[in-house]
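S.K.: The structure that follows is given in the form of structure tokens.
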Amino acid sequence: MVHLFLIVFLNIFLPVYVLDDVLATRTKACSCNPISTLILNKNNQKANFTPTLTEYYCSNTICNWKIEINYDLPQPSILYMDFNKKNIRSQDCLTITNCNYRTLFTECESVSLVSSTGYFFQENELCINFNTANIPTGYEQNSTNGAPVWSLAFTFINAPPIKPISLNSSNPAIAVHTTELFNGIGMLTVIADHGTLDMFVLVSHTDTTYPYLLYYSDQLKNFVGSLERIAIFNSSPLQPVMSTADGVLSVLYSINAAPNAFTLFFFRIREDHAAQCDDFKNIYKVRYDVIKRSALSTGPCVITLLDHRYPTIRTKLVSLSYNGSNTIKTVAGYNDDYILFEADKTLFGNYSGTVLYGTAISFIIPANDTINVVIDSTQSTSSTTFTNSIQSIMTSNQFPYPETQELIYVQNLSSICTAGNANFSLTFEYFDLSLNSTLYLVPNGANGRDLPILINQTNVNNTIKLQNKNNFLLSYTPSTDSKERGFLLRYNAVFTLNSTNTNENNHS
């Protein structure tokens, strides 16, 4: 079946009246637009609609209209509605439904307002109700006083591209960053094959337009509202913006590739992602926070940290504590496909101070166990410092980077011994770089620079030892025209009393 989008535009036009014309036109102006049913199809693809024939309307009026839409057009299309209003100063309400049980749009104003907002639909019918209250004396007389007016404009446009996402018990959660979406108008459709489908949103403070419309459907039906009209609570743990037991929702977006305006969507099957946790609120925004969470006796619990800042996504693990008898996993994403580090209660705390670079980071807590974690967001330089010893990791940005995206972010990561020199032991456990990308390991790269070592696939799982060095630097330059997942480095270091700088590197 061909899917089309219906767009409705409401535009406000300021009518020109003079006082002598008011009495002559009042009766006609106070009558509802006589068109009771408006039909849109391939022969009638555009229509303008006003509350009365003159756009001006009077107090205490109730009007009802119906729009029938036939999407049998030569090309896949949707219907666009643009709502434009001006000087609506009373409690006038415009309501649009699907002519059944669901309200798609409600606009009631109590202040002077000028705005134009676009909406998209795929409903087969739209029912419009306009109910006016009392208009203050003077404002209903002429345009000089700002007569309240509005208009609707309907037109078909081409259907946007769709990015489909399927969630199931094997893949119960996914984070989608705006950098992964189509530029321009597009549609993100998420379908879960069971359970409760939750959507969480993190919005950049520079993304002020919130160009997202939300639907409980895999088409542009069952409109919920625009994201800017839905409350987003950023307190931790995060609250879902949308939840449905019907297993389907869609986001229609319009993105103009603004480099500093980013939004992160996180979708999950609640019963799977929050299974075995002490409650289902197990998602946290990366900022300073003290997290103490436990797993039930029935199985492991996943605690997920989300960060939407790009490309400077940096999560600092300020302190880590775990008192269980098993091992706890810290992973990229939501499962153990990409384990960043795994440690028991003795070693888990050694990773305190580690900086992670990822949109979603999770802790997998074993059954019956509890973790205490202090996290923070950081915009500082990409350096890790230690005094006596360190056990840590380094990864490429957003590791593992989505295979469908191009890496564009150059990284320089370093680890520095503040007490002097140390013996470093480094192991690259994951390496996926294209031929045109480069990754250099530079002993003493932060001050003096020994000869750089070019890292490639042959270095994977082979330990590199740097003896008696103050620091090392990783310099990563991804190719702008290739797709790769990045790298994962594990390392440890111990301070040595020998402070003599040497260029000798031992490889084993």
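In the structure tokens, chains take letters A, B, ... by order of appearance, with residues numbered from 1 within each chain and ligands from 1 in the order shown.
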Give me the residues within 9 Å of stretch 398-400 of chain A as a list in words, counting only C-alpha atoms and dropping any in the same chain fewer than 6 places off.

M.R.: Pro311, Ile313, Ala332, Gly333, Tyr338, Leu356, Tyr357, Gly358, Thr359, Ala360, Glu484, Arg485, Gly486, Phe487 and Leu488 of chain A

S.K.: What would the file look like if the residues just selected were written as an mmCIF file, in the first residue's frame with N, CA, C and O atoms?

M.R.:
data_model
loop_
_atom_site.group_PDB
_atom_site.id
_atom_site.type_symbol
_atom_site.label_atom_id
_atom_site.label_comp_id
_atom_site.auth_asym_id
_atom_site.auth_seq_id
_atom_site.Cartn_x
_atom_site.Cartn_y
_atom_site.Cartn_z
ATOM 1 N N PRO A 311 31.325 16.046 19.231
ATOM 2 C CA PRO A 311 32.106 14.821 19.395
ATOM 3 C C PRO A 311 32.799 14.704 20.737
ATOM 4 O O PRO A 311 33.534 13.758 20.971
ATOM 5 N N ILE A 313 32.272 13.595 23.669
ATOM 6 C CA ILE A 313 31.584 12.727 24.617
ATOM 7 C C ILE A 313 32.625 12.143 25.572
ATOM 8 O O ILE A 313 33.436 11.314 25.186
ATOM 9 N N ALA A 332 30.604 -1.191 26.379
ATOM 10 C CA ALA A 332 30.124 -0.193 25.424
ATOM 11 C C ALA A 332 28.777 -0.677 24.901
ATOM 12 O O ALA A 332 28.677 -1.776 24.346
ATOM 13 N N GLY A 333 27.745 0.111 25.102
ATOM 14 C CA GLY A 333 26.405 -0.310 24.696
ATOM 15 C C GLY A 333 25.627 -0.834 25.876
ATOM 16 O O GLY A 333 25.637 -0.249 26.966
ATOM 17 N N TYR A 338 30.853 -5.851 23.589
ATOM 18 C CA TYR A 338 32.080 -5.055 23.617
ATOM 19 C C TYR A 338 32.388 -4.706 25.076
ATOM 20 O O TYR A 338 31.912 -3.696 25.601
ATOM 21 N N LEU A 356 35.784 7.569 29.620
ATOM 22 C CA LEU A 356 35.199 6.763 28.550
ATOM 23 C C LEU A 356 34.616 7.675 27.480
ATOM 24 O O LEU A 356 34.109 8.763 27.789
ATOM 25 N N TYR A 357 34.673 7.213 26.230
ATOM 26 C CA TYR A 357 34.214 8.017 25.091
ATOM 27 C C TYR A 357 33.107 7.244 24.375
ATOM 28 O O TYR A 357 33.381 6.460 23.467
ATOM 29 N N GLY A 358 31.856 7.461 24.795
ATOM 30 C CA GLY A 358 30.781 6.715 24.168
ATOM 31 C C GLY A 358 29.419 7.298 24.455
ATOM 32 O O GLY A 358 29.191 7.928 25.497
ATOM 33 N N THR A 359 28.481 7.085 23.528
ATOM 34 C CA THR A 359 27.112 7.553 23.707
ATOM 35 C C THR A 359 26.412 6.783 24.815
ATOM 36 O O THR A 359 25.658 7.353 25.593
ATOM 37 N N ALA A 360 26.651 5.468 24.887
ATOM 38 C CA ALA A 360 26.017 4.626 25.895
ATOM 39 C C ALA A 360 27.059 3.708 26.518
ATOM 40 O O ALA A 360 27.747 2.970 25.810
ATOM 41 N N GLU A 484 34.733 2.694 9.943
ATOM 42 C CA GLU A 484 35.487 1.796 10.800
ATOM 43 C C GLU A 484 34.946 1.885 12.223
ATOM 44 O O GLU A 484 34.327 2.894 12.606
ATOM 45 N N ARG A 485 35.226 0.868 13.019
ATOM 46 C CA ARG A 485 34.672 0.798 14.362
ATOM 47 C C ARG A 485 35.603 1.357 15.425
ATOM 48 O O ARG A 485 35.187 1.668 16.524
ATOM 49 N N GLY A 486 36.906 1.468 15.104
ATOM 50 C CA GLY A 486 37.818 2.095 16.045
ATOM 51 C C GLY A 486 38.710 1.105 16.769
ATOM 52 O O GLY A 486 39.002 0.016 16.271
ATOM 53 N N PHE A 487 39.130 1.461 17.996
ATOM 54 C CA PHE A 487 40.089 0.624 18.722
ATOM 55 C C PHE A 487 39.775 0.617 20.212
ATOM 56 O O PHE A 487 39.090 1.514 20.744
ATOM 57 N N LEU A 488 40.304 -0.415 20.892
ATOM 58 C CA LEU A 488 40.235 -0.536 22.348
ATOM 59 C C LEU A 488 41.618 -0.921 22.856
ATOM 60 O O LEU A 488 42.183 -1.942 22.439
#

S.K.: Within 8 Å of stretch 184-204 of chain A, which residues of stretch 248-340 of chain A come that close, and what is the closest atom pair and distance in Å for each? Count only C-alpha atoms and give it as a tab-separated table.

M.R.:
residue	atom	partner	partner_atom	distance
A:Val248	CA	A:Ile191	CA	4.5
A:Leu249	CA	A:Val190	CA	5.6
A:Ser250	CA	A:Thr189	CA	4.3
A:Val251	CA	A:Leu188	CA	5.0
A:Leu252	CA	A:Met187	CA	4.5
A:Tyr253	CA	A:Gly186	CA	5.5
A:Ser254	CA	A:Ile185	CA	4.3
A:Ile255	CA	A:Gly184	CA	4.9
A:Asn256	CA	A:Gly184	CA	5.8
A:Ala261	CA	A:Ser204	CA	5.8
A:Phe262	CA	A:Ser204	CA	5.3
A:Thr263	CA	A:Val203	CA	4.5
A:Leu264	CA	A:Leu202	CA	5.1
A:Phe265	CA	A:Val201	CA	4.8
A:Phe266	CA	A:Phe200	CA	5.0
A:Phe267	CA	A:Met199	CA	4.7
A:Arg268	CA	A:Asp198	CA	5.4
A:Ile269	CA	A:Leu197	CA	4.9
A:Arg270	CA	A:Thr196	CA	5.5
A:Glu271	CA	A:Gly195	CA	6.1
A:Lys285	CA	A:Leu202	CA	8.0
A:Asp307	CA	A:Leu202	CA	7.8
A:His308	CA	A:Leu202	CA	6.3
A:Arg309	CA	A:Ser204	CA	7.3

S.K.: I'd like the neighbourhood of A:Asp272 as a CSV table (one decimal) with N, CA, C and O atoms, in the first residue's frame, where a residue qualifies if any of its atoms comes within 10 Å (using only C-alpha atoms), though same-chain residues fewer than 5 positions away should be ignored.

M.R.:
chain,number,residue,atom,x,y,z
A,168,ASN,N,14.2,-6.7,20.0
A,168,ASN,CA,13.7,-8.0,20.4
A,168,ASN,C,14.5,-8.4,21.6
A,168,ASN,O,15.4,-7.7,22.1
A,169,SER,N,14.3,-9.6,22.1
A,169,SER,CA,15.0,-10.1,23.3
A,169,SER,C,16.5,-10.2,23.1
A,169,SER,O,17.3,-10.0,24.1
A,170,SER,N,17.0,-10.4,21.9
A,170,SER,CA,18.4,-10.4,21.6
A,170,SER,C,19.0,-9.0,21.5
A,170,SER,O,20.2,-8.8,21.7
A,171,ASN,N,18.2,-8.1,21.0
A,171,ASN,CA,18.7,-6.7,20.8
A,171,ASN,C,17.6,-5.8,21.4
A,171,ASN,O,16.8,-5.2,20.7
A,172,PRO,N,17.6,-5.7,22.8
A,172,PRO,CA,16.4,-5.0,23.4
A,172,PRO,C,16.6,-3.4,23.6
A,172,PRO,O,15.7,-2.8,24.1
A,173,ALA,N,17.7,-2.9,23.1
A,173,ALA,CA,17.9,-1.4,23.3
A,173,ALA,C,18.8,-0.9,22.2
A,173,ALA,O,19.7,-1.6,21.7
A,194,HIS,N,7.8,-7.4,21.6
A,194,HIS,CA,7.1,-7.8,22.9
A,194,HIS,C,7.4,-6.7,23.9
A,194,HIS,O,8.2,-5.8,23.7
A,195,GLY,N,6.6,-6.7,25.0
A,195,GLY,CA,6.9,-5.8,26.1
A,195,GLY,C,6.5,-4.4,25.9
A,195,GLY,O,5.8,-4.0,25.0
A,196,THR,N,7.1,-3.6,26.8
A,196,THR,CA,6.8,-2.1,26.8
A,196,THR,C,7.9,-1.4,26.1
A,196,THR,O,9.1,-1.5,26.5
A,280,PHE,N,12.8,-0.3,37.4
A,280,PHE,CA,13.0,-0.1,36.0
A,280,PHE,C,13.7,1.2,35.6
A,280,PHE,O,14.0,1.4,34.4
A,301,CYS,N,21.7,-7.2,36.5
A,301,CYS,CA,21.0,-5.9,36.2
A,301,CYS,C,22.0,-5.0,35.4
A,301,CYS,O,23.2,-5.0,35.6
A,302,VAL,N,21.4,-4.3,34.4
A,302,VAL,CA,22.1,-3.4,33.5
A,302,VAL,C,21.8,-2.0,33.9
A,302,VAL,O,20.6,-1.6,33.9

S.K.: For a test of reading the model, state the distance in Å between atom CA of A:Phe182 and atom CA of A:Val224, rounded to one decimal.

M.R.: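 Taking atom CA of A:Phe182 and atom CA of A:Val224, their separation equals 22.1 Å.
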
S.K.: When you look at stretch 466-471 of chain A with a cut-off of 6 Å (counting only C-alpha atoms), what residues show up, excluding the ones that are within fewer than 6 positions of it in the same chain? I need them as a PyMOL selection string.

M.R.: chain A and resi 415-417+420-424+444+505

S.K.: Point out the residue among A:Phe120, A:Tyr351, A:Phe341, A:Trp150 with the least atom-to-atom distance to A:Glu429, counting only C-alpha atoms.

M.R.: A:Phe341

S.K.: Would you kindly return, as a PyMOL selection string, each protein, DNA or RNA residue with an atom no farther than 10 Å from any atom of A:Ile303, considering only C-alpha atoms and excluding same-chain residues fewer than 4 positions away?

M.R.: chain A and resi 237+273-274+277+280-284+291+293-295+330+334+361-365

S.K.: Suppose you want the space between atom CA of A:Leu238 and atom CA of A:Asn326; what is it in Å?

M.R.: 28.0 Å

S.K.: Step one, run DSSP on the backbone; step two, keep only residues of stretch 130-310 of chain A assigned to strand (DSSP E or B); then write them as an NGL selection string.

M.R.: :A and (130-131 or 149-158 or 162-167 or 173-177 or 184-192 or 197-203 or 212-215 or 223-226 or 242-244 or 248-255 or 263-269 or 277 or 283-285 or 289-295 or 301-306)

S.K.: Could you tell me how far atom CA of A:Thr132 lies from atom CA of A:Glu228, in Å and to one decimal?

M.R.: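 So the answer is 25.3 Å.
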